[in-house]
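So this block is start_29.cif, mmCIF, C-alpha atoms and all ligand atoms:
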```cif
data_final
#
loop_
_atom_site.label_atom_id
_atom_site.label_comp_id
_atom_site.auth_asym_id
_atom_site.auth_seq_id
_atom_site.Cartn_x
_atom_site.Cartn_y
_atom_site.Cartn_z
CA LYS A 173 -35.93 -21.59 3.28
CA ARG A 174 -34.20 -20.24 6.34
CA GLN A 175 -30.82 -21.91 6.63
CA ASP A 176 -29.43 -18.64 7.97
CA SER A 177 -26.54 -19.05 10.42
CA SER A 178 -23.53 -17.43 12.04
CA ALA A 179 -20.32 -19.44 12.15
CA PRO A 180 -17.55 -18.45 14.59
CA ALA A 181 -14.26 -17.37 13.00
CA SER A 182 -11.22 -17.79 15.25
CA PRO A 183 -8.10 -15.65 14.73
CA SER A 184 -5.02 -17.77 14.10
CA GLY A 185 -1.63 -16.13 14.62
CA GLY A 186 -2.98 -12.79 13.42
CA VAL A 187 -2.59 -14.17 9.90
CA GLU A 188 -5.97 -15.75 9.21
CA TYR A 189 -9.41 -16.48 10.67
CA LEU A 190 -10.42 -20.14 10.74
CA VAL A 191 -13.96 -21.51 10.67
CA GLU A 192 -14.74 -25.04 11.84
CA THR A 193 -16.37 -26.73 8.85
CA ASP A 194 -18.01 -30.17 8.67
CA VAL A 195 -17.15 -32.05 5.45
CA GLY A 196 -18.85 -35.45 5.27
CA GLY A 197 -18.86 -35.72 9.06
CA GLN A 198 -15.21 -34.73 9.40
CA LYS A 199 -14.30 -31.41 11.08
CA LEU A 200 -11.71 -29.17 9.41
CA ASN A 201 -10.62 -25.62 10.20
CA LEU A 202 -10.88 -23.69 6.94
CA ASP A 203 -9.69 -20.22 5.93
CA PHE A 204 -12.71 -18.43 4.42
CA ASP A 205 -11.45 -16.47 1.44
CA THR A 206 -13.56 -13.95 -0.50
CA GLY A 207 -10.60 -13.63 -2.91
CA SER A 208 -10.82 -17.15 -4.37
CA GLY A 209 -13.44 -19.61 -5.55
CA ASP A 210 -12.24 -23.09 -4.58
CA LEU A 211 -13.20 -25.14 -1.51
CA TRP A 212 -10.20 -27.37 -0.96
CA VAL A 213 -9.04 -29.49 1.97
CA PHE A 214 -5.89 -31.22 3.17
CA SER A 215 -6.46 -34.89 2.36
CA THR A 216 -5.06 -38.36 2.89
CA SER A 217 -3.72 -38.10 -0.70
CA LEU A 218 -0.98 -35.73 0.58
CA SER A 219 2.47 -36.90 1.58
CA ALA A 220 2.82 -37.70 5.28
CA SER A 221 5.11 -34.66 5.75
CA SER A 222 2.52 -32.33 4.16
CA GLN A 223 -0.22 -33.78 6.36
CA ALA A 224 1.74 -33.20 9.59
CA ASN A 225 -0.03 -30.88 12.10
CA HIS A 226 -3.19 -30.66 10.01
CA HIS A 227 -6.63 -32.25 10.19
CA VAL A 228 -6.97 -34.14 6.89
CA PHE A 229 -10.07 -35.26 5.03
CA ASN A 230 -10.27 -38.98 4.31
CA PRO A 231 -12.83 -39.62 1.52
CA SER A 232 -12.97 -43.31 2.44
CA SER A 233 -14.32 -42.40 5.88
CA SER A 234 -17.21 -40.34 4.52
CA SER A 235 -20.41 -42.20 3.64
CA THR A 236 -21.64 -39.27 1.56
CA TYR A 237 -18.50 -38.55 -0.48
CA LYS A 238 -18.68 -39.17 -4.24
CA ALA A 239 -15.59 -38.93 -6.45
CA MET A 240 -15.88 -36.67 -9.51
CA SER A 241 -14.25 -38.78 -12.20
CA GLY A 242 -11.64 -37.00 -14.32
CA ALA A 243 -11.90 -33.67 -12.47
CA THR A 244 -8.79 -31.84 -11.25
CA TRP A 245 -7.93 -28.42 -9.83
CA ARG A 246 -4.87 -26.25 -9.43
CA ILE A 247 -4.74 -22.82 -7.77
CA ILE A 248 -2.06 -20.18 -7.23
CA TYR A 249 -2.85 -17.33 -4.83
CA GLY A 250 -1.70 -13.72 -4.97
CA ASP A 251 1.03 -14.39 -2.41
CA GLY A 252 2.47 -17.21 -4.55
CA SER A 253 1.14 -20.02 -2.39
CA GLY A 254 -0.75 -22.80 -4.14
CA ALA A 255 -2.31 -26.26 -4.10
CA SER A 256 -3.73 -28.85 -6.50
CA GLY A 257 -5.48 -32.22 -6.59
CA THR A 258 -8.64 -34.16 -7.36
CA VAL A 259 -12.35 -33.49 -6.80
CA GLY A 260 -15.48 -35.02 -5.34
CA THR A 261 -18.74 -33.92 -3.78
CA ASP A 262 -19.90 -34.18 -0.20
CA THR A 263 -22.24 -32.60 2.34
CA VAL A 264 -20.67 -29.45 3.81
CA THR A 265 -22.01 -27.68 6.90
CA VAL A 266 -20.87 -24.26 8.17
CA GLY A 267 -22.62 -23.00 11.32
CA GLY A 268 -26.20 -24.01 10.64
CA THR A 269 -25.99 -23.84 6.84
CA THR A 270 -25.71 -27.14 4.93
CA VAL A 271 -25.03 -27.77 1.24
CA LYS A 272 -25.42 -31.28 -0.18
CA GLY A 273 -23.37 -32.15 -3.26
CA GLN A 274 -20.81 -29.39 -2.64
CA ALA A 275 -17.67 -29.73 -4.75
CA VAL A 276 -14.87 -30.59 -2.31
CA GLU A 277 -11.38 -30.38 -3.78
CA LEU A 278 -8.88 -32.83 -2.26
CA ALA A 279 -5.29 -31.59 -2.16
CA ASN A 280 -2.63 -34.08 -3.17
CA ARG A 281 -0.06 -31.25 -3.33
CA VAL A 282 0.22 -28.02 -1.27
CA SER A 283 2.95 -25.36 -1.21
CA ALA A 284 5.25 -24.96 1.79
CA GLN A 285 3.32 -21.94 3.10
CA PHE A 286 0.22 -24.10 3.57
CA VAL A 287 2.16 -26.83 5.41
CA GLN A 288 3.31 -24.12 7.86
CA ASP A 289 -0.14 -22.45 8.15
CA ALA A 290 -2.72 -23.48 10.74
CA ASN A 291 -5.53 -24.00 8.24
CA ASP A 292 -6.75 -27.37 6.91
CA GLY A 293 -7.77 -25.80 3.60
CA LEU A 294 -9.68 -22.87 2.15
CA LEU A 295 -13.36 -22.18 1.52
CA GLY A 296 -13.64 -19.79 -1.42
CA LEU A 297 -16.29 -17.07 -1.28
CA SER A 298 -15.50 -15.18 -4.49
CA PHE A 299 -17.77 -15.58 -7.51
CA SER A 300 -17.82 -19.07 -9.02
CA ASN A 301 -16.45 -17.91 -12.40
CA ILE A 302 -12.89 -18.19 -11.05
CA ASN A 303 -13.27 -21.70 -9.61
CA THR A 304 -10.35 -23.76 -11.00
CA VAL A 305 -11.98 -27.22 -11.32
CA ARG A 306 -11.70 -28.61 -14.85
CA PRO A 307 -13.15 -29.85 -17.17
CA THR A 308 -16.36 -28.79 -15.34
CA GLN A 309 -16.10 -25.58 -13.26
CA GLN A 310 -17.78 -25.90 -9.85
CA LYS A 311 -19.79 -23.56 -7.63
CA THR A 312 -18.76 -22.03 -4.30
CA PHE A 313 -20.41 -22.99 -1.03
CA PHE A 314 -22.23 -19.63 -0.93
CA ASP A 315 -23.42 -19.94 -4.55
CA ASN A 316 -24.93 -23.32 -3.69
CA ALA A 317 -26.32 -22.16 -0.33
CA LYS A 318 -27.80 -18.78 -1.31
CA SER A 319 -31.17 -20.12 -2.53
CA SER A 320 -31.79 -21.55 0.95
CA LEU A 321 -30.95 -18.32 2.76
CA THR A 322 -33.44 -15.59 3.71
CA LYS A 323 -31.26 -13.10 1.80
CA PRO A 324 -28.55 -14.10 -0.74
CA LEU A 325 -25.77 -12.58 1.33
CA PHE A 326 -22.99 -13.37 3.78
CA ALA A 327 -21.00 -11.06 6.01
CA ALA A 328 -17.53 -11.09 7.58
CA TYR A 329 -17.01 -9.95 11.16
CA LEU A 330 -13.26 -10.15 11.84
CA PRO A 331 -12.28 -8.14 14.96
CA LEU A 332 -8.59 -7.96 15.86
CA ASN A 333 -7.44 -10.53 18.42
CA ALA A 334 -10.99 -11.68 19.16
CA ASN A 335 -13.38 -14.30 17.88
CA GLY A 336 -15.26 -13.16 14.78
CA ALA A 337 -17.94 -14.72 12.62
CA TYR A 338 -19.21 -15.35 9.12
CA ASP A 339 -22.94 -14.61 8.99
CA PHE A 340 -24.99 -16.33 6.26
CA GLY A 341 -28.43 -15.14 5.10
CA ALA A 342 -28.81 -12.09 7.33
CA ILE A 343 -26.86 -9.13 8.64
CA ASN A 344 -26.14 -9.54 12.34
CA ALA A 345 -26.73 -6.18 14.03
CA ARG A 346 -24.50 -7.26 16.92
CA HIS A 347 -21.54 -7.32 14.53
CA HIS A 348 -21.51 -3.67 13.47
CA THR A 349 -22.27 -0.13 14.60
CA GLY A 350 -23.93 2.60 12.56
CA SER A 351 -25.54 1.96 9.18
CA VAL A 352 -24.19 -0.21 6.36
CA ALA A 353 -23.08 1.79 3.27
CA TYR A 354 -23.08 -0.04 -0.08
CA THR A 355 -21.27 0.14 -3.38
CA ASP A 356 -22.03 -1.79 -6.56
CA VAL A 357 -19.69 -4.67 -7.36
CA ASP A 358 -18.18 -5.66 -10.72
CA SER A 359 -18.01 -9.48 -10.50
CA SER A 360 -16.66 -10.01 -14.06
CA GLY A 361 -13.17 -10.76 -12.74
CA GLY A 362 -14.57 -13.09 -10.10
CA PHE A 363 -13.86 -10.75 -7.18
CA TRP A 364 -15.98 -8.54 -4.94
CA GLN A 365 -14.52 -5.55 -6.78
CA PHE A 366 -15.44 -1.86 -6.74
CA PRO A 367 -13.83 1.48 -7.65
CA SER A 368 -11.52 2.92 -4.97
CA THR A 369 -9.98 6.04 -6.48
CA SER A 370 -8.77 8.07 -3.50
CA TYR A 371 -7.43 7.78 0.02
CA LYS A 372 -6.66 10.04 2.98
CA VAL A 373 -3.65 10.00 5.27
CA GLY A 374 -4.35 11.74 8.54
CA GLY A 375 -7.15 13.66 6.83
CA THR A 376 -5.31 14.81 3.65
CA LYS A 377 -6.86 13.46 0.44
CA HIS A 378 -4.86 11.87 -2.40
CA SER A 379 -6.18 10.43 -5.65
CA LEU A 380 -5.63 6.94 -7.13
CA SER A 381 -7.20 7.47 -10.54
CA GLY A 382 -8.65 4.41 -12.26
CA VAL A 383 -7.93 2.09 -9.35
CA SER A 384 -10.32 -0.64 -8.19
CA ALA A 385 -10.19 -2.57 -4.94
CA ILE A 386 -11.29 -6.04 -3.94
CA ALA A 387 -12.63 -7.09 -0.54
CA ASP A 388 -10.43 -10.08 0.24
CA THR A 389 -10.69 -11.88 3.59
CA GLY A 390 -7.97 -14.31 2.41
CA THR A 391 -5.32 -11.61 2.34
CA THR A 392 -3.93 -10.56 5.72
CA LEU A 393 -2.89 -6.98 5.09
CA LEU A 394 -4.16 -3.94 3.18
CA LEU A 395 -2.24 -3.87 -0.12
CA ILE A 396 -2.25 -0.69 -2.21
CA ALA A 397 -0.19 1.12 -4.87
CA ASP A 398 3.37 2.18 -3.99
CA ALA A 399 2.45 5.89 -4.17
CA ALA A 400 -0.08 5.45 -1.36
CA VAL A 401 2.28 3.30 0.70
CA THR A 402 5.11 5.85 0.56
CA THR A 403 2.71 8.71 1.28
CA TYR A 404 1.51 6.85 4.36
CA TYR A 405 4.88 5.91 5.81
CA ASP A 406 6.33 9.36 5.04
CA ALA A 407 3.96 10.40 7.83
CA VAL A 408 5.37 7.84 10.28
CA GLN A 409 8.47 8.84 12.27
CA GLY A 410 11.30 6.34 11.83
CA ALA A 411 9.52 4.27 9.18
CA SER A 412 11.51 2.75 6.33
CA PHE A 413 11.35 0.01 3.74
CA ASP A 414 13.09 -3.07 5.14
CA ASN A 415 14.33 -5.34 2.33
CA GLN A 416 14.86 -8.24 4.70
CA GLN A 417 11.31 -8.03 5.99
CA GLY A 418 9.95 -7.27 2.51
CA GLY A 419 7.96 -4.25 3.59
CA TYR A 420 7.76 -1.06 5.64
CA THR A 421 8.69 -1.24 9.32
CA PHE A 422 8.73 1.41 12.05
CA PRO A 423 9.51 1.77 15.76
CA CYS A 424 6.76 -0.05 17.66
CA SER A 425 6.36 3.15 19.72
CA ALA A 426 5.52 5.22 16.61
CA SER A 427 2.14 6.93 16.46
CA LEU A 428 0.39 5.89 13.27
CA PRO A 429 -1.98 8.17 11.34
CA ASP A 430 -5.42 6.95 10.30
CA PHE A 431 -5.76 5.68 6.75
CA ALA A 432 -9.04 6.23 4.92
CA VAL A 433 -9.93 4.60 1.59
CA ARG A 434 -12.80 5.63 -0.66
CA ILE A 435 -15.26 2.79 -1.32
CA GLY A 436 -17.13 3.32 -4.57
CA SER A 437 -18.25 6.88 -5.23
CA THR A 438 -19.46 7.79 -1.79
CA ASN A 439 -17.98 7.08 1.55
CA TYR A 440 -14.54 6.64 2.96
CA ALA A 441 -13.70 3.78 5.27
CA THR A 442 -11.29 4.96 7.94
CA ILE A 443 -8.85 2.50 9.45
CA PRO A 444 -7.52 3.82 12.76
CA GLY A 445 -3.73 4.07 13.00
CA SER A 446 -3.75 1.64 15.91
CA LEU A 447 -4.93 -1.14 13.57
CA ILE A 448 -2.07 -0.46 11.15
CA ASN A 449 0.58 -1.78 13.52
CA PHE A 450 0.52 -5.38 12.31
CA ALA A 451 3.13 -7.06 14.48
CA PRO A 452 6.65 -6.83 15.91
CA ILE A 453 9.25 -8.28 13.53
CA ASP A 454 11.03 -10.07 16.39
CA ASN A 455 10.73 -10.81 20.10
CA SER A 456 12.46 -7.58 21.14
CA GLY A 457 9.29 -5.67 20.29
CA ARG A 458 11.42 -2.77 19.11
CA THR A 459 10.52 -2.75 15.39
CA CYS A 460 7.04 -3.37 13.98
CA PHE A 461 5.75 -4.39 10.54
CA GLY A 462 3.08 -2.23 8.91
CA GLY A 463 -0.42 -3.41 8.04
CA ILE A 464 -0.39 -1.30 4.86
CA GLN A 465 2.04 -2.61 2.23
CA SER A 466 2.55 -2.52 -1.54
CA VAL A 467 0.27 -4.49 -3.85
CA GLY A 468 3.32 -4.94 -6.10
CA GLN A 469 2.81 -5.70 -9.78
CA ILE A 470 -0.99 -6.10 -9.68
CA ALA A 471 -1.58 -2.84 -11.57
CA GLY A 472 -4.67 -0.75 -10.92
CA MET A 473 -5.78 -2.88 -7.97
CA SER A 474 -5.91 -2.51 -4.20
CA ILE A 475 -6.55 -5.48 -1.94
CA TYR A 476 -8.50 -4.80 1.25
CA GLY A 477 -7.60 -7.72 3.47
CA ASP A 478 -8.09 -8.53 7.15
CA VAL A 479 -6.62 -5.19 8.30
CA PHE A 480 -9.67 -3.57 6.66
CA PHE A 481 -12.05 -6.09 8.22
CA ASN A 482 -10.52 -5.50 11.66
CA ALA A 483 -12.18 -2.06 11.38
CA TYR A 484 -15.22 -2.77 9.19
CA TYR A 485 -17.94 -5.41 9.01
CA GLY A 486 -18.12 -6.52 5.37
CA VAL A 487 -21.43 -7.45 3.71
CA PHE A 488 -21.20 -9.53 0.52
CA ASP A 489 -24.64 -9.27 -1.08
CA ASP A 490 -25.39 -11.23 -4.24
CA ALA A 491 -28.43 -9.01 -4.84
CA GLY A 492 -26.75 -6.38 -6.99
CA PRO A 493 -24.21 -7.63 -6.49
CA ARG A 494 -23.01 -5.10 -3.96
CA PHE A 495 -20.50 -4.75 -1.11
CA GLY A 496 -21.55 -3.13 2.16
CA PHE A 497 -19.41 -1.89 5.03
CA ALA A 498 -20.04 -0.55 8.52
CA PRO A 499 -17.70 0.17 11.44
CA ILE A 500 -17.28 -2.77 13.81
O1 LIG B 601 -5.02 -14.86 -3.51
C1 LIG B 601 -5.75 -13.93 -3.27
N1 LIG B 601 -6.55 -13.92 -2.14
N2 LIG B 601 -6.65 -15.02 -1.32
C2 LIG B 601 -5.58 -15.58 -0.70
N3 LIG B 601 -4.39 -15.05 -0.62
C3 LIG B 601 -3.48 -15.93 0.11
C4 LIG B 601 -4.22 -17.19 0.41
C5 LIG B 601 -5.63 -16.92 0.01
C6 LIG B 601 -5.83 -12.76 -4.17
C7 LIG B 601 -7.02 -12.44 -4.78
C8 LIG B 601 -7.08 -11.38 -5.68
C9 LIG B 601 -5.96 -10.64 -5.93
BR1 LIG B 601 -6.05 -9.18 -7.15
C10 LIG B 601 -4.75 -10.95 -5.32
C11 LIG B 601 -4.71 -12.02 -4.41
#
```

Transcribe the structure of this file into structure tokens.
Amino acid sequence: KRQDSSAPASPSGGVEYLVETDVGGQKLNLDFDTGSGDLWVFSTSLSASSQANHHVFNPSSSSTYKAMSGATWRIIYGDGSGASGTVGTDTVTVGGTTVKGQAVELANRVSAQFVQDANDGLLGLSFSNINTVRPTQQKTFFDNAKSSLTKPLFAAYLPLNANGAYDFGAINARHHTGSVAYTDVDSSGGFWQFPSTSYKVGGTKHSLSGVSAIADTGTTLLLIADAAVTTYYDAVQGASFDNQQGGYTFPCSASLPDFAVRIGSTNYATIPGSLINFAPIDNSGRTCFGGIQSVGQIAGMSIYGDVFFNAYYGVFDDAGPRFGFAPI
């Protein structure tokens, strides 16, 4: 029963965390994404220019790959990036956890962002009801693996500028401090989603009535309603919205207040100001881009991406389902 394991997650350019994944004996570095439900890989079906600088999966070189006749997939992510292609099954191993007959989606088209990114594909860890394979929807790696785990859970440990991990089947006490607090999850939309109806800037509380948040390791920043974003940067000397950069920037020397978000009906998660300086916008190191930005048109939703996970260990527990969090 115990196929529990901990797979290293390596930070790549501060944008994503990549996990070495074995697909039919071929190693690929995948972006583990709790905000989507497809496991897809760069493949030999892509144009040569799209394949450049990526490890690609060659189905002909896998002795365990089986094509899924007539199946296709097409996905568009919240940032507008996307990919599409065909489908098969193969044996997939992450850390010490193996799934046989896992749906593996082969990209024959990827958007420009993915060609530039360091990943060789994504491994979706949302709920399977948003998997895009048609005519027969497929299950995520975790959905398939959970029956062989001690507990039907996985956890994301994503420290800033350091190697992290995805733990499967058990909480790893080395990856968090203090106790894990939980909130119930509404999985009907496919996401690890929970109410998040208030926030604090430097200790002052503000409400976000009716708003839910999703825990999304596939999104880099913390995205929240405009009202919260302006309230935050109003407290940062020299901050302003930079149209060219497409978000709020500030002097890299600015002191940033903490930002706390309410998770469910109980606790706040506090992200220290130091983790809200995402990166300099250029090599001068004069102006920096903020880790809190607007969620845009996605009404009533906040997206807690890697900036959140740089401060908190995230526990994705199918028993419930529920989302747990504890300071790293
Ligand atoms: O696409 C989403 N998360 N994953 C990824 N983003 C970029 C590449 C992977 C996403 C999920 C839910 C909502 Br609401 C908005 C966006």

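Residue neighbourhood of range 465-467 of chain A, excluding near-sequence residues (fewer than 6 positions): Leu393, Leu394, Leu395, Ile396, Ala397, Asp398, Val401, Gly419, Tyr420, Met473, Ser474 and Ile475 of chain A, at 8 Å, using all atoms listed in the file.
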
Where's the centre, and what are the edge lengths in Å to one decimal, of a box along x, y and z enclosing all listed atoms of ligand LIG 601 (chain B) padded 6 Å per side, as JSON?
```
{"center_x": -5.3, "center_y": -13.2, "center_z": -3.4, "size_x": 15.6, "size_y": 20.0, "size_z": 19.6}
```

**Request:** Would you list the residues that come within 6 Å of ligand LIG 601 (chain B)? Count all atoms listed in the file and give the answer as a PyMOL selection string.
**Result:** chain A and resi 205+207-208+249-251+388+390-391

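Here CA of Leu200 in chain A is placed at a distance of 15.8 Å from CA of Ser232 in chain A.
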
**Request:** For Phe422 in chain A, list every protein, DNA or RNA residue within 6 Å, evaluated using all atoms listed in the file, and leave out those in the same chain fewer than 2 positions away; present the list as a list in words.
**Result:** Gly410, Ala411, Thr459 and Cys460 of chain A

If you keep C-alpha atoms, can you produce a file of those selected residues as a compact mmCIF listing (two decimals), in the coordinates of the input?
```
# COMPACT_ATOMS: atom_id res chain seq x y z
CA GLY A 410 11.30 6.34 11.83
CA ALA A 411 9.52 4.27 9.18
CA THR A 459 10.52 -2.75 15.39
CA CYS A 460 7.04 -3.37 13.98
```

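For Gly252 in chain A, the residues within 10 Å (counting all atoms listed in the file, excluding itself and residues fewer than 5 positions away along the chain) are Ile247, Ser283 and Gln285 of chain A.
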
Atoms to include: C-alpha atoms. Write the selected residues as a CSV table (one decimal), in the frame of the given file.
```csv
chain,number,residue,atom,x,y,z
A,247,ILE,CA,-4.7,-22.8,-7.8
A,283,SER,CA,3.0,-25.4,-1.2
A,285,GLN,CA,3.3,-21.9,3.1
```

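CA of Ser437 in chain A sits 29.3 Å away from CA of Asn303 in chain A.
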